[in-house]
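Structure file data_29.pdb (PDB, C-alpha atoms) is printed below.
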ATOM      1  CA  MET A   1       9.176  12.400  15.802  1.00  0.00           C
ATOM      2  CA  GLY A   2       9.096  11.983  12.016  1.00  0.00           C
ATOM      3  CA  PHE A   3       8.931  14.641   9.377  1.00  0.00           C
ATOM      4  CA  ALA A   4       8.124  15.039   5.657  1.00  0.00           C
ATOM      5  CA  LYS A   5       8.064  17.940   3.200  1.00  0.00           C
ATOM      6  CA  ILE A   6       5.971  17.630   0.063  1.00  0.00           C
ATOM      7  CA  PRO A   7       5.864  20.229  -2.711  1.00  0.00           C
ATOM      8  CA  TRP A   8       2.273  20.772  -3.891  1.00  0.00           C
ATOM      9  CA  ASP A   9       0.708  23.416  -6.106  1.00  0.00           C
ATOM     10  CA  PRO A  10      -3.075  22.986  -6.037  1.00  0.00           C
ATOM     11  CA  ASN A  11      -3.353  25.272  -9.071  1.00  0.00           C
ATOM     12  CA  ASN A  12      -1.516  22.741 -11.210  1.00  0.00           C
ATOM     13  CA  PRO A  13      -4.175  20.578 -12.927  1.00  0.00           C
ATOM     14  CA  GLU A  14      -1.579  17.853 -13.403  1.00  0.00           C
ATOM     15  CA  ASN A  15      -1.186  17.631  -9.639  1.00  0.00           C
ATOM     16  CA  PRO A  16      -4.643  18.278  -8.156  1.00  0.00           C
ATOM     17  CA  PHE A  17      -4.102  16.473  -4.849  1.00  0.00           C
ATOM     18  CA  ALA A  18      -1.433  16.521  -2.183  1.00  0.00           C
ATOM     19  CA  CYS A  19       0.268  13.140  -2.459  1.00  0.00           C
ATOM     20  CA  ILE A  20       2.963  11.228  -0.615  1.00  0.00           C
ATOM     21  CA  ASP A  21       5.061   8.246  -1.696  1.00  0.00           C
ATOM     22  CA  ILE A  22       4.340   5.062   0.234  1.00  0.00           C
ATOM     23  CA  LEU A  23       5.435   1.440   0.233  1.00  0.00           C
ATOM     24  CA  VAL A  24       2.867  -1.287   0.852  1.00  0.00           C
ATOM     25  CA  ARG A  25       3.804  -4.837   1.729  1.00  0.00           C
ATOM     26  CA  ASN A  26       2.628  -7.683   3.918  1.00  0.00           C
ATOM     27  CA  SER A  27       2.906  -7.303   7.655  1.00  0.00           C
ATOM     28  CA  LYS A  28       6.262  -8.267   9.138  1.00  0.00           C
ATOM     29  CA  GLN A  29       4.369 -10.520  11.545  1.00  0.00           C
ATOM     30  CA  LEU A  30       3.057 -12.484   8.569  1.00  0.00           C
ATOM     31  CA  ILE A  31       6.396 -12.666   6.761  1.00  0.00           C
ATOM     32  CA  ASP A  32       8.074 -13.908   9.946  1.00  0.00           C
ATOM     33  CA  GLN A  33       5.532 -16.689  10.491  1.00  0.00           C
ATOM     34  CA  PRO A  34       7.044 -20.205  10.678  1.00  0.00           C
ATOM     35  CA  GLY A  35       6.673 -21.920   7.318  1.00  0.00           C
ATOM     36  CA  ASN A  36       6.937 -18.738   5.283  1.00  0.00           C
ATOM     37  CA  LEU A  37      10.194 -18.839   3.378  1.00  0.00           C
ATOM     38  CA  GLY A  38      10.257 -15.202   2.328  1.00  0.00           C
ATOM     39  CA  PHE A  39      10.479 -15.482  -1.443  1.00  0.00           C
ATOM     40  CA  GLU A  40       6.702 -15.783  -1.770  1.00  0.00           C
ATOM     41  CA  PHE A  41       6.421 -12.110  -0.795  1.00  0.00           C
ATOM     42  CA  ARG A  42       7.285  -9.601  -3.493  1.00  0.00           C
ATOM     43  CA  ASP A  43       9.360  -6.515  -2.874  1.00  0.00           C
ATOM     44  CA  PRO A  44       7.085  -3.501  -2.582  1.00  0.00           C
ATOM     45  CA  LEU A  45       6.832  -0.931  -5.342  1.00  0.00           C
ATOM     46  CA  PRO A  46       6.607   2.744  -4.413  1.00  0.00           C
ATOM     47  CA  ILE A  47       3.193   4.227  -5.067  1.00  0.00           C
ATOM     48  CA  ARG A  48       1.824   7.786  -4.916  1.00  0.00           C
ATOM     49  CA  ALA A  49      -0.955   8.076  -2.349  1.00  0.00           C
ATOM     50  CA  ILE A  50      -3.466  10.902  -2.163  1.00  0.00           C
ATOM     51  CA  ILE A  51      -3.708  12.468   1.291  1.00  0.00           C
ATOM     52  CA  ASP A  52      -7.488  12.273   1.675  1.00  0.00           C
ATOM     53  CA  THR A  53      -9.115  13.723   4.779  1.00  0.00           C
ATOM     54  CA  GLY A  54     -12.469  12.413   3.517  1.00  0.00           C
ATOM     55  CA  ALA A  55     -11.376   8.779   3.740  1.00  0.00           C
ATOM     56  CA  GLY A  56     -11.145   6.430   6.723  1.00  0.00           C
ATOM     57  CA  PRO A  57      -8.892   3.473   5.948  1.00  0.00           C
ATOM     58  CA  VAL A  58      -6.144   3.248   3.355  1.00  0.00           C
ATOM     59  CA  LEU A  59      -7.489   2.278  -0.078  1.00  0.00           C
ATOM     60  CA  ILE A  60      -5.314   0.782  -2.815  1.00  0.00           C
ATOM     61  CA  SER A  61      -6.193  -0.563  -6.249  1.00  0.00           C
ATOM     62  CA  LYS A  62      -7.016  -4.235  -6.542  1.00  0.00           C
ATOM     63  CA  ALA A  63      -4.220  -4.639  -9.069  1.00  0.00           C
ATOM     64  CA  TYR A  64      -1.711  -3.334  -6.564  1.00  0.00           C
ATOM     65  CA  ALA A  65      -3.115  -5.507  -3.753  1.00  0.00           C
ATOM     66  CA  ARG A  66      -2.755  -8.547  -6.008  1.00  0.00           C
ATOM     67  CA  HIS A  67       0.783  -7.538  -6.931  1.00  0.00           C
ATOM     68  CA  CYS A  68       1.738  -7.297  -3.249  1.00  0.00           C
ATOM     69  CA  LYS A  69      -0.125 -10.569  -2.469  1.00  0.00           C
ATOM     70  CA  LEU A  70      -1.573  -8.888   0.587  1.00  0.00           C
ATOM     71  CA  PHE A  71      -3.064 -11.186   3.194  1.00  0.00           C
ATOM     72  CA  GLN A  72      -6.839 -10.851   2.862  1.00  0.00           C
ATOM     73  CA  THR A  73      -9.030 -10.595   5.964  1.00  0.00           C
ATOM     74  CA  ARG A  74     -12.374  -9.807   4.370  1.00  0.00           C
ATOM     75  CA  PRO A  75     -13.712 -10.964   1.020  1.00  0.00           C
ATOM     76  CA  ASP A  76     -14.684  -8.474  -1.658  1.00  0.00           C
ATOM     77  CA  SER A  77     -18.041  -7.019  -0.692  1.00  0.00           C
ATOM     78  CA  ASP A  78     -20.045  -3.839  -1.210  1.00  0.00           C
ATOM     79  CA  ILE A  79     -19.231  -1.094   1.253  1.00  0.00           C
ATOM     80  CA  GLY A  80     -21.053   2.189   1.570  1.00  0.00           C
ATOM     81  CA  VAL A  81     -19.450   5.378   0.315  1.00  0.00           C
ATOM     82  CA  ILE A  82     -20.932   8.834   0.001  1.00  0.00           C
ATOM     83  CA  GLY A  83     -22.235   8.724  -3.526  1.00  0.00           C
ATOM     84  CA  GLY A  84     -23.000   4.999  -3.745  1.00  0.00           C
ATOM     85  CA  SER A  85     -21.126   1.837  -2.959  1.00  0.00           C
ATOM     86  CA  ILE A  86     -17.941   0.172  -4.127  1.00  0.00           C
ATOM     87  CA  LYS A  87     -16.717  -3.395  -3.949  1.00  0.00           C
ATOM     88  CA  CYS A  88     -13.770  -3.642  -1.572  1.00  0.00           C
ATOM     89  CA  GLY A  89     -11.687  -6.353   0.004  1.00  0.00           C
ATOM     90  CA  GLU A  90      -9.790  -5.906   3.239  1.00  0.00           C
ATOM     91  CA  HIS A  91      -6.189  -6.849   3.893  1.00  0.00           C
ATOM     92  CA  ALA A  92      -3.598  -6.631   6.651  1.00  0.00           C
ATOM     93  CA  GLY A  93      -0.371  -4.959   5.624  1.00  0.00           C
ATOM     94  CA  HIS A  94       2.563  -2.728   6.393  1.00  0.00           C
ATOM     95  CA  ILE A  95       2.808   0.877   5.191  1.00  0.00           C
ATOM     96  CA  SER A  96       5.944   2.985   5.226  1.00  0.00           C
ATOM     97  CA  PHE A  97       6.939   6.344   3.778  1.00  0.00           C
ATOM     98  CA  PRO A  98      10.233   6.215   1.866  1.00  0.00           C
ATOM     99  CA  ASN A  99      12.550   9.242   1.892  1.00  0.00           C
ATOM    100  CA  THR A 100      10.892  10.596   5.031  1.00  0.00           C
ATOM    101  CA  THR A 101      11.349   9.970   8.733  1.00  0.00           C
ATOM    102  CA  LEU A 102       7.631   9.348   9.303  1.00  0.00           C
ATOM    103  CA  ARG A 103       6.911   6.199  11.291  1.00  0.00           C
ATOM    104  CA  SER A 104       5.555   3.131   9.556  1.00  0.00           C
ATOM    105  CA  TYR A 105       2.323   1.302  10.414  1.00  0.00           C
ATOM    106  CA  ASP A 106       2.245  -2.458  10.862  1.00  0.00           C
ATOM    107  CA  PRO A 107      -0.147  -4.177  10.920  1.00  0.00           C
ATOM    108  CA  ILE A 108      -2.738  -1.852   9.468  1.00  0.00           C
ATOM    109  CA  ARG A 109      -6.026  -2.411   7.670  1.00  0.00           C
ATOM    110  CA  ILE A 110      -5.806  -1.794   3.927  1.00  0.00           C
ATOM    111  CA  MET A 111      -8.849  -1.871   1.687  1.00  0.00           C
ATOM    112  CA  SER A 112      -8.633  -2.726  -2.004  1.00  0.00           C
ATOM    113  CA  GLY A 113     -10.975  -1.399  -4.644  1.00  0.00           C
ATOM    114  CA  ASP A 114     -11.090  -0.286  -8.252  1.00  0.00           C
ATOM    115  CA  PHE A 115     -10.343   3.317  -9.112  1.00  0.00           C
ATOM    116  CA  HIS A 116     -12.898   3.630 -11.885  1.00  0.00           C
ATOM    117  CA  LYS A 117     -11.991   6.101 -14.630  1.00  0.00           C
ATOM    118  CA  GLU A 118      -8.974   7.295 -12.654  1.00  0.00           C
ATOM    119  CA  PRO A 119      -6.061   5.187 -13.876  1.00  0.00           C
ATOM    120  CA  ARG A 120      -3.529   7.806 -12.705  1.00  0.00           C
ATOM    121  CA  PHE A 121      -4.388   7.132  -9.076  1.00  0.00           C
ATOM    122  CA  ALA A 122      -4.059   3.838  -7.238  1.00  0.00           C
ATOM    123  CA  CYS A 123      -3.934   4.728  -3.554  1.00  0.00           C
ATOM    124  CA  LEU A 124      -5.326   7.093  -0.975  1.00  0.00           C
ATOM    125  CA  ILE A 125      -4.612   7.340   2.713  1.00  0.00           C
ATOM    126  CA  GLY A 126      -7.307   8.397   5.132  1.00  0.00           C
ATOM    127  CA  THR A 127      -7.788   9.260   8.747  1.00  0.00           C
ATOM    128  CA  GLU A 128      -6.608   5.880  10.077  1.00  0.00           C
ATOM    129  CA  ILE A 129      -3.128   7.247   9.338  1.00  0.00           C
ATOM    130  CA  LEU A 130      -3.782  10.993   9.165  1.00  0.00           C
ATOM    131  CA  ARG A 131      -5.047  11.068  12.762  1.00  0.00           C
ATOM    132  CA  HIS A 132      -1.446  10.450  13.857  1.00  0.00           C
ATOM    133  CA  TRP A 133      -0.104  13.413  11.860  1.00  0.00           C
ATOM    134  CA  ARG A 134      -0.003  17.162  12.050  1.00  0.00           C
ATOM    135  CA  ILE A 135      -0.328  18.451   8.490  1.00  0.00           C
ATOM    136  CA  THR A 136       0.201  22.049   7.430  1.00  0.00           C
ATOM    137  CA  PHE A 137      -0.078  23.604   3.990  1.00  0.00           C
ATOM    138  CA  ASP A 138       1.797  26.789   3.120  1.00  0.00           C
ATOM    139  CA  ALA A 139       0.040  28.054  -0.015  1.00  0.00           C
ATOM    140  CA  ARG A 140       2.654  30.722  -0.730  1.00  0.00           C
ATOM    141  CA  ALA A 141       5.527  28.291  -0.537  1.00  0.00           C
ATOM    142  CA  LYS A 142       3.415  25.560  -2.215  1.00  0.00           C
ATOM    143  CA  LEU A 143       4.569  23.173   0.462  1.00  0.00           C
ATOM    144  CA  VAL A 144       2.873  20.550   2.644  1.00  0.00           C
ATOM    145  CA  THR A 145       4.679  19.599   5.832  1.00  0.00           C
ATOM    146  CA  ILE A 146       3.835  16.595   7.970  1.00  0.00           C
ATOM    147  CA  ASP A 147       5.087  15.615  11.386  1.00  0.00           C
ATOM    148  CA  ASP A 148       4.050  12.728  13.602  1.00  0.00           C
TER     149      ASP A 148
ATOM    150  CA  MET B   1     -19.362 -16.101  -4.055  1.00  0.00           C
ATOM    151  CA  LYS B   2     -16.214 -15.807  -6.095  1.00  0.00           C
ATOM    152  CA  CYS B   3     -14.053 -18.885  -6.388  1.00  0.00           C
ATOM    153  CA  ILE B   4     -10.329 -18.258  -6.143  1.00  0.00           C
ATOM    154  CA  TYR B   5      -7.095 -20.159  -6.256  1.00  0.00           C
ATOM    155  CA  ARG B   6      -4.429 -19.387  -3.713  1.00  0.00           C
ATOM    156  CA  VAL B   7      -0.856 -20.595  -3.654  1.00  0.00           C
ATOM    157  CA  THR B   8       0.089 -21.495  -0.112  1.00  0.00           C
ATOM    158  CA  GLY B   9       3.489 -20.973   1.449  1.00  0.00           C
ATOM    159  CA  VAL B  10       4.653 -24.422   0.440  1.00  0.00           C
ATOM    160  CA  GLY B  11       3.327 -24.225  -3.087  1.00  0.00           C
ATOM    161  CA  PHE B  12       0.091 -26.198  -2.975  1.00  0.00           C
ATOM    162  CA  LEU B  13      -2.767 -24.875  -5.062  1.00  0.00           C
ATOM    163  CA  VAL B  14      -5.987 -24.666  -3.101  1.00  0.00           C
ATOM    164  CA  MET B  15      -9.438 -23.750  -4.388  1.00  0.00           C
ATOM    165  CA  SER B  16     -11.804 -22.125  -1.936  1.00  0.00           C
ATOM    166  CA  ASP B  17     -14.642 -19.687  -1.531  1.00  0.00           C
ATOM    167  CA  LEU B  18     -12.578 -17.028   0.145  1.00  0.00           C
ATOM    168  CA  LEU B  19     -13.842 -16.552   3.713  1.00  0.00           C
ATOM    169  CA  ALA B  20     -17.402 -17.574   2.807  1.00  0.00           C
ATOM    170  CA  LYS B  21     -17.793 -19.883   5.791  1.00  0.00           C
ATOM    171  CA  GLU B  22     -16.364 -17.261   8.162  1.00  0.00           C
ATOM    172  CA  THR B  23     -18.649 -14.574   6.762  1.00  0.00           C
ATOM    173  CA  ASN B  24     -21.647 -16.826   7.379  1.00  0.00           C
ATOM    174  CA  VAL B  25     -20.565 -17.322  10.994  1.00  0.00           C
ATOM    175  CA  PHE B  26     -20.232 -13.559  11.394  1.00  0.00           C
ATOM    176  CA  LEU B  27     -23.660 -12.890   9.920  1.00  0.00           C
ATOM    177  CA  GLU B  28     -25.323 -15.626  11.974  1.00  0.00           C
ATOM    178  CA  ARG B  29     -23.898 -14.318  15.259  1.00  0.00           C
ATOM    179  CA  HIS B  30     -23.942 -10.607  14.464  1.00  0.00           C
ATOM    180  CA  GLU B  31     -27.099  -9.817  16.427  1.00  0.00           C
ATOM    181  CA  GLU B  32     -25.797 -11.685  19.473  1.00  0.00           C
ATOM    182  CA  TRP B  33     -22.403  -9.942  19.356  1.00  0.00           C
ATOM    183  CA  LEU B  34     -24.009  -6.521  18.999  1.00  0.00           C
ATOM    184  CA  ARG B  35     -25.183  -6.797  22.592  1.00  0.00           C
ATOM    185  CA  ASP B  36     -21.711  -7.013  24.153  1.00  0.00           C
ATOM    186  CA  HIS B  37     -19.068  -6.265  21.533  1.00  0.00           C
ATOM    187  CA  VAL B  38     -20.085  -3.170  19.564  1.00  0.00           C
ATOM    188  CA  GLY B  39     -17.055  -1.529  17.942  1.00  0.00           C
ATOM    189  CA  LYS B  40     -14.779  -4.505  18.641  1.00  0.00           C
ATOM    190  CA  PHE B  41     -12.940  -6.477  15.971  1.00  0.00           C
ATOM    191  CA  VAL B  42     -13.667 -10.203  15.832  1.00  0.00           C
ATOM    192  CA  THR B  43     -11.315 -12.774  14.269  1.00  0.00           C
ATOM    193  CA  ILE B  44     -12.788 -15.967  12.794  1.00  0.00           C
ATOM    194  CA  ARG B  45     -11.477 -18.959  10.869  1.00  0.00           C
ATOM    195  CA  ASP B  46     -13.829 -21.710   9.826  1.00  0.00           C
ATOM    196  CA  GLU B  47     -16.255 -21.677  12.750  1.00  0.00           C
ATOM    197  CA  GLU B  48     -13.658 -20.869  15.385  1.00  0.00           C
ATOM    198  CA  VAL B  49     -13.660 -17.427  16.986  1.00  0.00           C
ATOM    199  CA  ALA B  50     -10.261 -16.208  18.209  1.00  0.00           C
ATOM    200  CA  GLY B  51     -11.769 -13.399  20.261  1.00  0.00           C
ATOM    201  CA  PHE B  52     -12.815  -9.755  20.301  1.00  0.00           C
ATOM    202  CA  PHE B  53     -10.243  -6.980  20.112  1.00  0.00           C
ATOM    203  CA  ASP B  54     -10.003  -3.217  20.413  1.00  0.00           C
ATOM    204  CA  SER B  55      -8.052  -2.690  17.204  1.00  0.00           C
ATOM    205  CA  TYR B  56      -7.622  -4.265  13.795  1.00  0.00           C
ATOM    206  CA  GLY B  57      -3.917  -4.795  14.546  1.00  0.00           C
ATOM    207  CA  ASP B  58      -4.654  -6.707  17.746  1.00  0.00           C
ATOM    208  CA  ALA B  59      -7.208  -8.854  15.894  1.00  0.00           C
ATOM    209  CA  PHE B  60      -4.676  -9.644  13.158  1.00  0.00           C
ATOM    210  CA  THR B  61      -1.911 -10.520  15.632  1.00  0.00           C
ATOM    211  CA  ALA B  62      -4.266 -12.811  17.542  1.00  0.00           C
ATOM    212  CA  GLY B  63      -5.397 -14.455  14.297  1.00  0.00           C
ATOM    213  CA  LEU B  64      -1.822 -15.225  13.278  1.00  0.00           C
ATOM    214  CA  GLN B  65      -1.019 -16.646  16.708  1.00  0.00           C
ATOM    215  CA  ARG B  66      -4.144 -18.805  16.765  1.00  0.00           C
ATOM    216  CA  PHE B  67      -4.518 -19.866  13.136  1.00  0.00           C
ATOM    217  CA  GLY B  68      -1.142 -19.228  11.461  1.00  0.00           C
ATOM    218  CA  SER B  69      -0.836 -17.855   7.941  1.00  0.00           C
ATOM    219  CA  SER B  70      -1.501 -20.922   5.781  1.00  0.00           C
ATOM    220  CA  ARG B  71      -4.796 -19.354   4.670  1.00  0.00           C
ATOM    221  CA  SER B  72      -6.870 -16.283   5.291  1.00  0.00           C
ATOM    222  CA  PHE B  73      -8.976 -15.641   8.343  1.00  0.00           C
ATOM    223  CA  LEU B  74     -11.766 -13.121   8.681  1.00  0.00           C
ATOM    224  CA  ILE B  75     -11.537  -9.890  10.669  1.00  0.00           C
ATOM    225  CA  ARG B  76     -14.733  -7.837  10.964  1.00  0.00           C
ATOM    226  CA  GLN B  77     -15.638  -4.882  13.097  1.00  0.00           C
ATOM    227  CA  ILE B  78     -19.001  -5.243  14.824  1.00  0.00           C
ATOM    228  CA  TRP B  79     -21.364  -2.407  14.008  1.00  0.00           C
ATOM    229  CA  GLN B  80     -25.121  -2.037  13.888  1.00  0.00           C
ATOM    230  CA  THR B  81     -24.633  -0.113  10.656  1.00  0.00           C
ATOM    231  CA  GLU B  82     -21.294  -0.190   8.904  1.00  0.00           C
ATOM    232  CA  PRO B  83     -19.610   3.246   8.709  1.00  0.00           C
ATOM    233  CA  VAL B  84     -19.202   5.127   5.434  1.00  0.00           C
ATOM    234  CA  TYR B  85     -15.520   4.892   4.675  1.00  0.00           C
ATOM    235  CA  PHE B  86     -14.959   7.023   1.590  1.00  0.00           C
ATOM    236  CA  VAL B  87     -16.256   9.976  -0.379  1.00  0.00           C
ATOM    237  CA  PHE B  88     -16.407   9.167  -4.091  1.00  0.00           C
TER     238      PHE B  88
END
Here is the file; what I need is its structure written in the form of structure tokens.
Amino acid sequence: MGFAKIPWDPNNPENPFACIDILVRNSKQLIDQPGNLGFEFRDPLPIRAIIDTGAGPVLISKAYARHCKLFQTRPDSDIGVIGGSIKCGEHAGHISFPNTTLRSYDPIRIMSGDFHKEPRFACLIGTEILRHWRITFDARAKLVTIDD
Amino acid sequence: MKCIYRVTGVGFLVMSDLLAKETNVFLERHEEWLRDHVGKFVTIRDEEVAGFFDSYGDAFTAGLQRFGSSRSFLIRQIWQTEPVYFVF
């Protein structure tokens, strides 16, 4: 069973969402395919992901998806969201949580879209991952704990 | 449809309409697949269908085994109406 502790003060306007550090890269199955030499896949950069119970799949910015050269499994197309629609692509990837003991997910569906007017955020994780977790928030201690 | 360049594993530069042909196959056969495969994930490259799977991960694994990774293949979940994924 994995575990993570995340400090979070929802009263801090600089930190309005509970976030967790993640690493996104191509699926190990893809990297290990015959003919792939390895150097064509970049090392992942850590990214702060919003823990979003209102989302389904993982969503990352298109810039980040391009950086990771994620293997695309659906072309960019309009998908419905509450409040309109956004243009998203779909990719297969690997997600892990550095500095925690939470399990990683590979392969997992990752959608890419633009975070309009919100340059500070580039990733959110939804119920496709959260459904595997038990999340508690201690408001007095300003602490989110996750176990899986 | 957007035209893109993709560098393959061995360094060739290929120009393609990313997954346009596969998307057309999906749209053409969508009504037929709704009868027997609702909620399943289908994997397609060119006009070849690798099968129907219970999860995205299974569909991806099957796609790699069948088609390799030299270029993208399409994975779509079969729904009458696509779910709303996000709140914006």
*Would you work out the distance separating atom CA of Glu22 of chain B from atom CA of Leu74 of chain B, expressed in Å to one decimal?*
6.2 Å
*Suppose you want the space between atom CA of Thr145 of chain A and atom CA of Glu90 of chain A; what is it in Å?*
29.4 Å
*Find the residues in chain A near chain B: any atom within 10 Å counts, using all atoms listed in the file. Write them as an MDAnalysis selection string.*
chainID A and resid 27 29:41 52:59 69 71:77 79:86 90:93 105:109 111 115 124 126:127
*Apply the PyMOL selection byres ((chain A and resi 22) around 8) to the structure shown and report the selected residues as a list in words.*
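Going through the file, the PyMOL selection byres ((chain A and resi 22) around 8) ends up selecting Ile20, Asp21, Leu23, Val24, Pro46, Ile47, Arg48, Ala49, Ile95, Ser96, Phe97 and Pro98 of chain A.
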Taking all atoms of segment 70-88 of chain A that the file lists, what box with edges along x, y and z, padded by 4 Å per side, do you get, with centre and edge lengths in Å to one decimal, as JSON?
{"center_x": -12.3, "center_y": -1.2, "center_z": 0.9, "size_x": 29.4, "size_y": 28.0, "size_z": 18.1}
*asked:* If we count all atoms listed in the file and set the cut-off at 7 Å, which residues sit around segment 31-38 of chain B, ignoring sequence neighbours fewer than 4 positions away in its own chain? Please answer as number ranges by chain.
replied: B: 78-80
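Distance-wise, atom CA of Arg45 of chain B and atom CA of Lys62 of chain A end up 23.2 Å apart.
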_Since I can't run it myself right now, could you work out what the PyMOL selection byres ((chain A and resi 9) around 9) selects here and report it as a count of residues only?_
14
_Translate the PyMOL selection byres ((chain A and resi 67) around 12) into a concrete residue list for this structure, as a list in words._
Val24, Arg25, Asn26, Glu40, Phe41, Arg42, Asp43, Pro44, Leu45, Ile60, Ser61, Lys62, Ala63, Tyr64, Ala65, Arg66, Cys68, Lys69, Leu70, Phe71 and Ser112 of chain A
*Between A:Phe3, A:Asn99, A:Asp147, A:Ile51, which one has atoms that come closest to Ile125 of chain A, using all atoms listed in the file?*
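For Ile125 of chain A, the nearest of the given residues is A:Ile51.
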Would you mind putting N, CA and C atoms back on segment 26-43 of chain A and writing the result as a PDB file, in the frame of the given file?
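Final file, out23.pdb:
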ATOM      1  N   ASN A  26       3.259  -6.902   2.859  1.00  0.00           N
ATOM      2  CA  ASN A  26       2.628  -7.683   3.918  1.00  0.00           C
ATOM      3  C   ASN A  26       3.241  -7.341   5.274  1.00  0.00           C
ATOM      4  N   SER A  27       2.452  -7.585   6.300  1.00  0.00           N
ATOM      5  CA  SER A  27       2.906  -7.303   7.655  1.00  0.00           C
ATOM      6  C   SER A  27       4.148  -8.128   7.981  1.00  0.00           C
ATOM      7  N   LYS A  28       5.065  -7.536   8.722  1.00  0.00           N
ATOM      8  CA  LYS A  28       6.262  -8.267   9.138  1.00  0.00           C
ATOM      9  C   LYS A  28       5.884  -9.503   9.962  1.00  0.00           C
ATOM     10  N   GLN A  29       4.818  -9.372  10.737  1.00  0.00           N
ATOM     11  CA  GLN A  29       4.369 -10.520  11.545  1.00  0.00           C
ATOM     12  C   GLN A  29       4.016 -11.705  10.649  1.00  0.00           C
ATOM     13  N   LEU A  30       3.436 -11.415   9.499  1.00  0.00           N
ATOM     14  CA  LEU A  30       3.057 -12.484   8.569  1.00  0.00           C
ATOM     15  C   LEU A  30       4.301 -13.080   7.914  1.00  0.00           C
ATOM     16  N   ILE A  31       5.194 -12.202   7.453  1.00  0.00           N
ATOM     17  CA  ILE A  31       6.396 -12.666   6.761  1.00  0.00           C
ATOM     18  C   ILE A  31       7.246 -13.526   7.689  1.00  0.00           C
ATOM     19  N   ASP A  32       7.247 -13.176   8.977  1.00  0.00           N
ATOM     20  CA  ASP A  32       8.074 -13.908   9.946  1.00  0.00           C
ATOM     21  C   ASP A  32       7.413 -15.179  10.472  1.00  0.00           C
ATOM     22  N   GLN A  33       6.212 -15.481  10.010  1.00  0.00           N
ATOM     23  CA  GLN A  33       5.532 -16.689  10.491  1.00  0.00           C
ATOM     24  C   GLN A  33       6.324 -17.941  10.125  1.00  0.00           C
ATOM     25  N   PRO A  34       6.382 -18.935  11.023  1.00  0.00           N
ATOM     26  CA  PRO A  34       7.044 -20.205  10.678  1.00  0.00           C
ATOM     27  C   PRO A  34       6.391 -20.813   9.428  1.00  0.00           C
ATOM     28  N   GLY A  35       7.199 -21.311   8.540  1.00  0.00           N
ATOM     29  CA  GLY A  35       6.673 -21.920   7.318  1.00  0.00           C
ATOM     30  C   GLY A  35       6.716 -20.984   6.138  1.00  0.00           C
ATOM     31  N   ASN A  36       6.786 -19.679   6.382  1.00  0.00           N
ATOM     32  CA  ASN A  36       6.937 -18.738   5.283  1.00  0.00           C
ATOM     33  C   ASN A  36       8.421 -18.582   4.987  1.00  0.00           C
ATOM     34  N   LEU A  37       8.779 -18.811   3.736  1.00  0.00           N
ATOM     35  CA  LEU A  37      10.194 -18.839   3.378  1.00  0.00           C
ATOM     36  C   LEU A  37      10.720 -17.461   2.997  1.00  0.00           C
ATOM     37  N   GLY A  38       9.826 -16.562   2.646  1.00  0.00           N
ATOM     38  CA  GLY A  38      10.257 -15.202   2.328  1.00  0.00           C
ATOM     39  C   GLY A  38      10.141 -14.869   0.865  1.00  0.00           C
ATOM     40  N   PHE A  39      10.486 -15.828  -0.021  1.00  0.00           N
ATOM     41  CA  PHE A  39      10.479 -15.482  -1.443  1.00  0.00           C
ATOM     42  C   PHE A  39       9.069 -15.401  -2.019  1.00  0.00           C
ATOM     43  N   GLU A  40       8.069 -15.879  -1.273  1.00  0.00           N
ATOM     44  CA  GLU A  40       6.702 -15.783  -1.770  1.00  0.00           C
ATOM     45  C   GLU A  40       6.133 -14.372  -1.625  1.00  0.00           C
ATOM     46  N   PHE A  41       6.875 -13.496  -0.961  1.00  0.00           N
ATOM     47  CA  PHE A  41       6.421 -12.110  -0.795  1.00  0.00           C
ATOM     48  C   PHE A  41       7.256 -11.207  -1.694  1.00  0.00           C
ATOM     49  N   ARG A  42       6.562 -10.461  -2.554  1.00  0.00           N
ATOM     50  CA  ARG A  42       7.285  -9.601  -3.493  1.00  0.00           C
ATOM     51  C   ARG A  42       7.795  -8.341  -2.801  1.00  0.00           C
ATOM     52  N   ASP A  43       8.885  -7.808  -3.359  1.00  0.00           N
ATOM     53  CA  ASP A  43       9.360  -6.515  -2.874  1.00  0.00           C
ATOM     54  C   ASP A  43       8.316  -5.453  -3.214  1.00  0.00           C
TER      55      ASP A  43
END
